[in-house]
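S.K.: Supplied structure: upload-v1.cif, mmCIF, C-alpha atoms.
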data_model
#
loop_
_atom_site.label_atom_id
_atom_site.label_comp_id
_atom_site.auth_asym_id
_atom_site.auth_seq_id
_atom_site.Cartn_x
_atom_site.Cartn_y
_atom_site.Cartn_z
CA MET A 1 32.12 -9.64 -78.71
CA LYS A 2 31.97 -8.21 -75.29
CA ILE A 3 30.11 -10.34 -72.85
CA GLN A 4 28.15 -8.25 -70.44
CA GLY A 5 28.35 -9.62 -66.93
CA ALA A 6 25.55 -9.65 -64.49
CA LYS A 7 24.87 -6.31 -62.84
CA LYS A 8 26.35 -5.92 -59.42
CA VAL A 9 23.69 -5.59 -56.78
CA HIS A 10 24.45 -3.50 -53.69
CA TYR A 11 22.47 -4.28 -50.58
CA ASP A 12 22.16 -1.11 -48.57
CA SER A 13 21.47 -2.93 -45.36
CA GLY A 14 23.56 -0.83 -42.98
CA PRO A 15 24.62 -2.40 -39.70
CA ASN A 16 23.20 -5.76 -38.79
CA MET A 17 20.37 -5.07 -36.40
CA THR A 18 19.49 -8.65 -35.53
CA PRO A 19 21.67 -8.98 -32.39
CA LEU A 20 20.43 -5.63 -31.15
CA VAL A 21 16.82 -6.68 -31.58
CA ASP A 22 17.54 -9.96 -29.81
CA VAL A 23 19.11 -8.25 -26.82
CA VAL A 24 16.44 -5.58 -26.63
CA MET A 25 13.68 -8.16 -26.75
CA VAL A 26 15.32 -10.15 -23.96
CA ILE A 27 15.56 -7.00 -21.82
CA LEU A 28 11.93 -6.16 -22.54
CA ILE A 29 10.69 -9.61 -21.59
CA PHE A 30 12.81 -9.60 -18.43
CA LEU A 31 11.40 -6.26 -17.33
CA MET A 32 7.87 -7.39 -18.03
CA LEU A 33 8.29 -10.54 -15.98
CA ALA A 34 10.45 -9.24 -13.14
CA GLY A 35 8.80 -5.93 -12.53
CA SER A 36 6.12 -5.52 -9.95
CA PHE A 37 3.80 -2.72 -10.73
CA ALA A 38 1.44 -0.63 -8.72
CA GLY A 39 -1.14 -3.15 -7.68
CA ALA A 40 -4.63 -2.78 -6.36
CA ASP A 41 -3.46 -1.59 -2.97
CA HIS A 42 -4.20 1.73 -1.42
CA PHE A 43 -4.02 3.20 2.04
CA LEU A 44 -6.22 4.75 4.65
CA VAL A 45 -3.96 7.32 6.20
CA THR A 46 -4.60 8.66 9.66
CA GLN A 47 -3.84 12.26 10.38
CA ALA A 48 -4.65 12.06 14.08
CA ALA A 49 -1.25 13.17 15.20
CA TYR A 50 -2.29 14.21 18.66
CA SER A 51 -4.83 12.12 20.40
CA ARG A 52 -5.25 10.76 23.84
CA THR A 53 -5.68 7.27 22.52
CA GLY A 54 -5.29 5.50 19.25
CA ALA A 55 -2.90 4.66 16.52
CA GLY A 56 -1.89 8.23 15.88
CA GLY A 57 -1.72 8.83 19.59
CA ALA A 58 0.86 11.04 21.16
CA PRO A 59 0.43 13.47 24.00
CA PRO A 60 0.04 17.08 22.93
CA PRO A 61 3.23 19.11 23.37
CA PRO A 62 3.41 21.47 26.34
CA GLY A 63 1.57 24.61 25.42
CA GLY A 64 0.12 22.92 22.38
CA ILE A 65 -3.27 23.77 21.01
CA PRO A 66 -5.92 21.88 22.97
CA GLN A 67 -7.78 19.48 20.79
CA ASP A 68 -11.49 19.47 20.17
CA GLU A 69 -13.73 17.09 21.99
CA PRO A 70 -13.50 13.90 19.96
CA LEU A 71 -16.38 11.99 18.51
CA GLU A 72 -16.24 8.45 19.79
CA ILE A 73 -17.76 5.65 17.74
CA ARG A 74 -18.30 2.45 19.66
CA VAL A 75 -18.24 -0.66 17.52
CA ASP A 76 -19.42 -4.06 18.66
CA SER A 77 -19.99 -7.29 16.89
CA PRO A 78 -23.13 -9.11 18.06
CA THR A 79 -22.43 -11.96 15.63
CA PRO A 80 -19.20 -12.67 13.77
CA ASP A 81 -20.65 -11.49 10.45
CA ARG A 82 -22.18 -8.19 11.63
CA PHE A 83 -21.11 -5.02 13.33
CA HIS A 84 -22.99 -2.47 15.34
CA ALA A 85 -21.86 1.15 15.57
CA ARG A 86 -23.03 3.72 18.11
CA PHE A 87 -22.23 7.36 18.66
CA GLY A 88 -24.33 9.90 20.50
CA GLN A 89 -27.95 8.89 20.04
CA VAL A 90 -27.26 7.15 16.75
CA SER A 91 -27.16 3.39 16.48
CA ILE A 92 -26.50 1.65 13.18
CA ASP A 93 -26.47 -2.03 12.45
CA ASN A 94 -24.12 -3.37 9.79
CA ASN A 95 -24.68 -0.59 7.28
CA PRO A 96 -21.56 1.41 6.42
CA GLN A 97 -23.38 3.65 3.96
CA GLN A 98 -25.98 4.66 6.52
CA LEU A 99 -23.19 5.20 9.04
CA ALA A 100 -21.44 7.51 6.59
CA THR A 101 -24.63 9.50 6.11
CA GLN A 102 -25.15 9.91 9.84
CA LEU A 103 -21.52 10.81 10.37
CA ALA A 104 -21.76 13.43 7.63
CA THR A 105 -24.60 15.03 9.56
CA MET A 106 -22.38 15.10 12.65
CA ARG A 107 -19.54 16.52 10.59
CA ASP A 108 -21.73 19.41 9.49
CA LYS A 109 -22.71 19.99 13.09
CA LEU A 110 -19.37 19.57 14.87
CA GLY A 111 -16.80 20.31 12.21
CA ASP A 112 -13.69 18.24 11.65
CA VAL A 113 -13.30 16.99 15.20
CA PRO A 114 -11.11 13.97 15.94
CA VAL A 115 -12.90 10.67 15.54
CA ILE A 116 -11.97 7.82 17.83
CA ILE A 117 -13.15 4.38 16.83
CA SER A 118 -13.56 2.35 19.97
CA PRO A 119 -14.03 -1.29 19.01
CA GLY A 120 -14.76 -4.36 21.05
CA ARG A 121 -12.00 -6.94 21.18
CA MET A 122 -13.89 -9.43 19.02
CA VAL A 123 -14.81 -7.05 16.21
CA LYS A 124 -13.26 -8.06 12.93
CA TYR A 125 -10.71 -5.79 11.33
CA LYS A 126 -12.71 -5.56 8.09
CA PHE A 127 -15.65 -4.01 9.99
CA LEU A 128 -13.32 -1.47 11.58
CA ILE A 129 -12.04 -0.52 8.17
CA ASP A 130 -15.67 -0.13 7.05
CA VAL A 131 -16.28 2.26 9.94
CA TYR A 132 -13.02 4.06 9.18
CA GLN A 133 -14.06 4.44 5.56
CA SER A 134 -17.48 5.74 6.60
CA ALA A 135 -15.76 8.41 8.68
CA LEU A 136 -13.59 9.33 5.72
CA GLN A 137 -16.67 9.51 3.51
CA ALA A 138 -18.15 11.93 6.03
CA LYS A 139 -15.09 14.14 5.50
CA PHE A 140 -13.51 13.55 8.88
CA SER A 141 -9.75 13.65 8.58
CA LYS A 142 -8.48 12.86 12.08
CA ILE A 143 -9.42 9.28 12.73
CA SER A 144 -7.79 6.91 15.16
CA PHE A 145 -8.50 3.71 17.05
CA ALA A 146 -8.88 3.59 20.78
CA THR A 147 -6.70 1.22 22.69
CA ALA A 148 -7.14 -0.19 26.14
CA ARG A 149 -4.34 1.77 27.75
CA MET B 150 32.76 9.67 -72.34
CA ARG B 151 30.57 6.99 -71.00
CA ARG B 152 29.30 7.38 -67.49
CA ALA B 153 29.30 4.46 -65.16
CA PRO B 154 25.78 3.20 -64.44
CA MET B 155 24.35 3.73 -60.98
CA PRO B 156 24.36 0.54 -58.92
CA HIS B 157 21.05 -1.15 -58.23
CA ILE B 158 20.04 -0.67 -54.63
CA LYS B 159 17.75 -3.23 -53.11
CA GLU B 160 16.05 -3.34 -49.74
CA ALA B 161 17.49 -5.97 -47.44
CA GLY B 162 14.47 -7.57 -45.82
CA VAL B 163 12.07 -6.01 -43.34
CA ASN B 164 12.72 -2.52 -42.02
CA VAL B 165 13.15 -3.01 -38.27
CA THR B 166 13.59 0.62 -37.32
CA PRO B 167 9.98 1.22 -36.21
CA LEU B 168 10.10 -2.03 -34.25
CA ILE B 169 13.22 -0.91 -32.38
CA ASP B 170 11.65 2.48 -31.72
CA VAL B 171 8.60 0.92 -30.15
CA VAL B 172 10.58 -1.63 -28.17
CA MET B 173 12.92 1.03 -26.83
CA VAL B 174 9.98 3.11 -25.69
CA LEU B 175 8.55 0.05 -23.93
CA ILE B 176 11.86 -0.68 -22.23
CA VAL B 177 12.18 2.87 -20.97
CA PHE B 178 8.57 2.70 -19.73
CA PHE B 179 9.14 -0.56 -17.85
CA MET B 180 12.42 0.66 -16.38
CA ILE B 181 10.70 3.72 -14.96
CA VAL B 182 7.50 2.06 -13.78
CA ALA B 183 8.64 -1.36 -12.66
CA LYS B 184 9.92 -1.78 -9.14
CA ILE B 185 12.58 -4.40 -9.59
CA GLY B 186 14.30 -5.62 -6.50
CA VAL B 187 12.28 -3.30 -4.29
CA THR B 188 10.57 -5.11 -1.47
CA THR B 189 8.63 -3.66 1.41
CA GLY B 190 8.23 -6.93 3.26
CA ALA B 191 4.53 -7.00 2.46
CA ASP B 192 3.09 -10.47 2.88
CA PRO B 193 1.02 -11.15 -0.25
CA SER B 194 -0.81 -14.02 1.42
CA ILE B 195 -2.65 -11.64 3.74
CA LYS B 196 -6.20 -10.97 2.61
CA LEU B 197 -6.73 -7.25 2.99
CA PRO B 198 -10.08 -5.61 3.64
CA GLU B 199 -11.58 -3.90 0.64
CA THR B 200 -12.30 -0.20 0.47
CA ILE B 201 -13.45 2.27 -2.12
CA LEU B 202 -11.69 5.25 -0.59
CA GLY B 203 -7.99 5.43 0.01
CA THR B 204 -4.91 7.15 -1.26
CA ASP B 205 -1.79 5.98 -2.99
CA LEU B 206 1.39 6.70 -1.10
CA LYS B 207 3.86 8.44 -3.39
CA THR B 208 6.86 6.87 -1.77
CA LEU B 209 7.39 3.94 0.52
CA SER B 210 10.92 4.96 1.44
CA ASN B 211 10.08 6.24 4.94
CA THR B 212 7.79 3.40 5.82
CA LEU B 213 7.84 0.09 7.60
CA THR B 214 5.22 -2.46 6.64
CA LEU B 215 3.85 -4.57 9.47
CA ASN B 216 2.01 -7.73 8.47
CA VAL B 217 -0.44 -8.53 11.24
CA ARG B 218 -2.40 -11.74 11.56
CA GLU B 219 -3.79 -13.94 14.25
CA GLY B 220 -1.08 -15.82 16.04
CA PRO B 221 -0.97 -18.58 18.60
CA ALA B 222 -1.83 -18.06 22.25
CA ASP B 223 -4.13 -15.14 21.54
CA GLU B 224 -1.24 -12.98 20.42
CA PRO B 225 -0.72 -11.30 17.06
CA MET B 226 1.82 -12.60 14.61
CA VAL B 227 3.69 -9.56 13.31
CA THR B 228 6.18 -9.84 10.50
CA ALA B 229 8.26 -7.05 9.01
CA LEU B 230 11.32 -6.44 6.92
CA VAL B 231 13.77 -6.04 9.78
CA ASP B 232 16.96 -6.52 7.84
CA GLY B 233 16.90 -4.87 4.44
CA SER B 234 19.61 -7.09 3.07
CA ASN B 235 17.66 -10.23 3.86
CA ARG B 236 14.61 -9.19 1.80
CA GLN B 237 12.47 -11.57 3.80
CA ALA B 238 9.93 -10.47 6.36
CA GLN B 239 10.78 -11.84 9.78
CA GLU B 240 8.63 -12.24 12.84
CA VAL B 241 8.91 -9.37 15.29
CA LYS B 242 7.52 -10.09 18.70
CA ILE B 243 5.72 -7.45 20.66
CA LEU B 244 7.03 -8.89 23.89
CA ASP B 245 9.85 -11.40 24.03
CA LYS B 246 9.08 -13.28 27.21
CA LEU B 247 12.50 -14.89 27.37
CA THR B 248 14.43 -11.64 27.44
CA ASN B 249 11.56 -9.42 28.61
CA ARG B 250 12.29 -7.06 25.75
CA HIS B 251 9.92 -5.37 23.31
CA PRO B 252 11.46 -6.01 19.88
CA LEU B 253 8.69 -4.31 17.88
CA ARG B 254 8.81 -1.18 20.01
CA GLU B 255 12.59 -1.06 19.76
CA LEU B 256 12.40 -1.50 16.01
CA LEU B 257 9.90 1.33 15.65
CA GLN B 258 11.82 3.59 17.99
CA ALA B 259 15.02 3.02 16.06
CA ALA B 260 13.29 3.78 12.78
CA ARG B 261 11.54 6.81 14.20
CA LYS B 262 14.65 8.21 15.88
CA ASP B 263 16.19 10.13 13.01
CA ASN B 264 13.19 10.23 10.78
CA PRO B 265 10.24 12.40 11.84
CA ASP B 266 8.36 11.48 8.67
CA PHE B 267 8.54 7.80 9.48
CA ARG B 268 5.30 5.96 8.82
CA VAL B 269 3.99 2.53 9.71
CA ILE B 270 1.86 0.66 7.21
CA ILE B 271 -0.36 -1.99 8.72
CA ARG B 272 -1.38 -4.92 6.56
CA GLY B 273 -3.97 -6.71 8.62
CA GLU B 274 -5.82 -9.90 7.81
CA LYS B 275 -9.39 -8.82 7.22
CA GLU B 276 -10.92 -11.61 9.31
CA MET B 277 -8.64 -10.87 12.25
CA ALA B 278 -10.27 -9.71 15.48
CA TYR B 279 -9.34 -6.32 16.91
CA ARG B 280 -7.69 -7.90 19.94
CA PHE B 281 -4.83 -8.92 17.65
CA LEU B 282 -4.44 -5.46 16.17
CA GLU B 283 -4.73 -3.55 19.42
CA PRO B 284 -1.28 -4.47 20.82
CA VAL B 285 0.32 -3.37 17.56
CA LEU B 286 -1.38 0.02 17.72
CA GLU B 287 -0.39 0.37 21.36
CA THR B 288 3.19 -0.33 20.42
CA CYS B 289 3.00 2.38 17.77
CA VAL B 290 1.79 4.80 20.43
CA GLU B 291 4.58 3.76 22.79
CA ALA B 292 7.16 4.28 20.05
CA ASN B 293 5.70 7.72 19.35
CA VAL B 294 4.88 6.83 15.76
CA LYS B 295 2.28 9.31 14.65
CA ASN B 296 1.82 8.31 11.07
CA VAL B 297 -0.03 5.07 10.61
CA ALA B 298 -1.63 3.94 7.36
CA PHE B 299 -3.88 0.95 6.88
CA ASN B 300 -3.25 -0.99 3.72
CA THR B 301 -6.42 -2.06 1.95
CA SER B 302 -7.26 -3.38 -1.46
CA LYS B 303 -9.34 -1.47 -3.93
CA ALA B 304 -12.88 -2.76 -4.04
CA VAL B 305 -13.95 -3.83 -7.49
CA GLU B 306 -17.12 -1.96 -8.30
CA GLN B 307 -19.71 -4.38 -9.45
CA ALA B 308 -21.56 -3.63 -12.63
CA GLN B 309 -25.11 -2.59 -11.97
#
Once you've parsed the file, please lay out its structure as structure tokens.
M.R.:
Amino acid sequence: MKIQGAKKVHYDSGPNMTPLVDVVMVILIFLMLAGSFAGADHFLVTQAAYSRTGAGGAPPPPGGIPQDEPLEIRVDSPTPDRFHARFGQVSIDNNPQQLATQLATMRDKLGDVPVIISPGRMVKYKFLIDVYQSALQAKFSKISFATAR
Amino acid sequence: MRRAPMPHIKEAGVNVTPLIDVVMVLIVFFMIVAKIGVTTGADPSIKLPETILGTDLKTLSNTLTLNVREGPADEPMVTALVDGSNRQAQEVKILDKLTNRHPLRELLQAARKDNPDFRVIIRGEKEMAYRFLEPVLETCVEANVKNVAFNTSKAVEQAQ
């Protein structure tokens, strides 16, 4: 009598993937922890390349195109938590949205003239950025800060 | 003639192929997006002013980040990544009274010299008064740096 042995079972497992998965997972976790991604930062970029004063200031080249008469916004800070902006006949107290509206009116009237923000020495930087943003909202593109010199 | 029976084929555990596919895609994504070992010298402790508008700079390769905050003696404290190998922002004085030199101006002039697209990024403390920022802007003018960007943080729009 022929004794029938157990059937041979073939495991078609291919190459052992476990070390690969381990390494890949380690790499993945490392990249997730070590990488710094685009955060919540963005930038207000000045394009005031030629201006008599300000951050983008540089004298116009000889024979260069004369620039338009700039719009100067004077910014003061009557109290540490408020700012006051003035240009022309317009005077606005601590309201960036209203400032943007008024500046948009000027933009329609004057075109894209250079804007020079002329702040007092005690005005907080965050208020200047508010004014800067209002000018950007009004579609001005050449914005700079006045300096004492 | 008797044919040999086909061997029994059994699955060996869980099929990990889809897992590896997904993980590989994730790794490629993180390798492309993540900025590992790239530092601009930005001081994360500075509280930036918030804005709604603003643009994302595509590349920071031609830029120098200046961290500006209130310093002692009514002077600004400016830090920047002076030495790229150090990877630590160092203080850069506007005027060194001991040597009567202008280190910040010299730094900007050196960076601007062979690079017309050079740009300065200013990270200013939002509560800082303008008198601390003004000397930095003047130095930019003196160094003939035309491109200046102000780093702000995106304002979180509040739900109505």
S.K.: The PyMOL selection byres ((chain B) within 7 of (chain A)) - which residues does that actually catch in the file I just gave you? List them as a tab-separated table (two decimals) with C-alpha atoms, in the frame of the given file.
M.R.:
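Generated file (selection07.tsv):
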chain	number	residue	atom	x	y	z
B	156	PRO	CA	24.36	0.54	-58.92
B	157	HIS	CA	21.05	-1.15	-58.23
B	158	ILE	CA	20.04	-0.67	-54.63
B	159	LYS	CA	17.75	-3.23	-53.11
B	160	GLU	CA	16.05	-3.34	-49.74
B	161	ALA	CA	17.49	-5.97	-47.44
B	169	ILE	CA	13.22	-0.91	-32.38
B	176	ILE	CA	11.86	-0.68	-22.23
B	179	PHE	CA	9.14	-0.56	-17.85
B	182	VAL	CA	7.50	2.06	-13.78
B	183	ALA	CA	8.64	-1.36	-12.66
B	184	LYS	CA	9.92	-1.78	-9.14
B	185	ILE	CA	12.58	-4.40	-9.59
B	198	PRO	CA	-10.08	-5.61	3.64
B	202	LEU	CA	-11.69	5.25	-0.59
B	203	GLY	CA	-7.99	5.43	0.01
B	204	THR	CA	-4.91	7.15	-1.26
B	205	ASP	CA	-1.79	5.98	-2.99
B	275	LYS	CA	-9.39	-8.82	7.22
B	276	GLU	CA	-10.92	-11.61	9.31
B	277	MET	CA	-8.64	-10.87	12.25
B	278	ALA	CA	-10.27	-9.71	15.48
B	279	TYR	CA	-9.34	-6.32	16.91
B	280	ARG	CA	-7.69	-7.90	19.94
B	283	GLU	CA	-4.73	-3.55	19.42
B	286	LEU	CA	-1.38	0.02	17.72
B	287	GLU	CA	-0.39	0.37	21.36
B	289	CYS	CA	3.00	2.38	17.77
B	290	VAL	CA	1.79	4.80	20.43
B	293	ASN	CA	5.70	7.72	19.35
B	294	VAL	CA	4.88	6.83	15.76
B	295	LYS	CA	2.28	9.31	14.65
B	296	ASN	CA	1.82	8.31	11.07
B	297	VAL	CA	-0.03	5.07	10.61
B	298	ALA	CA	-1.63	3.94	7.36
B	299	PHE	CA	-3.88	0.95	6.88
B	300	ASN	CA	-3.25	-0.99	3.72
B	301	THR	CA	-6.42	-2.06	1.95
B	302	SER	CA	-7.26	-3.38	-1.46
B	303	LYS	CA	-9.34	-1.47	-3.93
S.K.: Using all atoms listed in the file, determine which residues lie at most 6 Å from Pro70 in chain A, disregarding the query and same-chain residues fewer than 5 positions distant; provide the list as a ChimeraX atom specification.
M.R.: /A:113-115
S.K.: With C-alpha atoms retained, could you export that selection as a PDB file, in the frame of the given file?
M.R.:
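Everything below was put into part-v3.pdb:
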ATOM      1  CA  VAL A 113     -13.300  16.990  15.200  1.00  0.00           C
ATOM      2  CA  PRO A 114     -11.110  13.970  15.940  1.00  0.00           C
ATOM      3  CA  VAL A 115     -12.900  10.670  15.540  1.00  0.00           C
TER       4      VAL A 115
END
S.K.: Report, in Å to a single decimal, how far apart CA of Arg107 in chain A and CA of Gly273 in chain B are.
M.R.: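 Separation between CA of Gly273 in chain B and CA of Arg107 in chain A: 28.0 Å.
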S.K.: Expressed in Å to a single decimal, how great is the separation between CA of Ser141 in chain A and CA of Asp76 in chain A?
M.R.: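 Separation between CA of Ser141 in chain A and CA of Asp76 in chain A: 22.6 Å.
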S.K.: Report, in Å to a single decimal, how far apart CA of Val131 in chain A and CA of Val217 in chain B are.
M.R.: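 Between these atoms lies a distance of 19.2 Å.
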S.K.: Leaving out range 257-265 of chain B and any residue of its chain fewer than 2 positions from it, which residues lie within 7 Å of it when counting all atoms listed in the file, given as an NGL selection string?
M.R.: :B and (253-255 or 267 or 292 or 294)
S.K.: Got a sec: who's within 9 Å of range 242-249 of chain B, counting only C-alpha atoms, leaving out chain neighbours fewer than 4 positions off, as a list of chain:residue names?
M.R.: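 My reading of the contact set: B:Glu224, B:Pro225, B:Met226, B:Val227, B:Thr228, B:Leu253, B:Arg254, B:Pro284, B:Val285, B:Thr288.
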S.K.: Given the file above and the PyMOL selection byres ((chain A and resi 110) around 12), which residues are selected, and can you give them as a ChimeraX atom specification?
M.R.: /A:68-71,103-109,111-115,138-140
S.K.: Would you write out those residues with C-alpha atoms, as a short mmCIF file (atom, residue, chain, number, x, y, z; two decimals), in the coordinates of the input?
M.R.:
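Written file, selection-v9.cif:
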data_model
loop_
_atom_site.label_atom_id
_atom_site.label_comp_id
_atom_site.auth_asym_id
_atom_site.auth_seq_id
_atom_site.Cartn_x
_atom_site.Cartn_y
_atom_site.Cartn_z
CA ASP A 68 -11.49 19.47 20.17
CA GLU A 69 -13.73 17.09 21.99
CA PRO A 70 -13.50 13.90 19.96
CA LEU A 71 -16.38 11.99 18.51
CA LEU A 103 -21.52 10.81 10.37
CA ALA A 104 -21.76 13.43 7.63
CA THR A 105 -24.60 15.03 9.56
CA MET A 106 -22.38 15.10 12.65
CA ARG A 107 -19.54 16.52 10.59
CA ASP A 108 -21.73 19.41 9.49
CA LYS A 109 -22.71 19.99 13.09
CA GLY A 111 -16.80 20.31 12.21
CA ASP A 112 -13.69 18.24 11.65
CA VAL A 113 -13.30 16.99 15.20
CA PRO A 114 -11.11 13.97 15.94
CA VAL A 115 -12.90 10.67 15.54
CA ALA A 138 -18.15 11.93 6.03
CA LYS A 139 -15.09 14.14 5.50
CA PHE A 140 -13.51 13.55 8.88
#
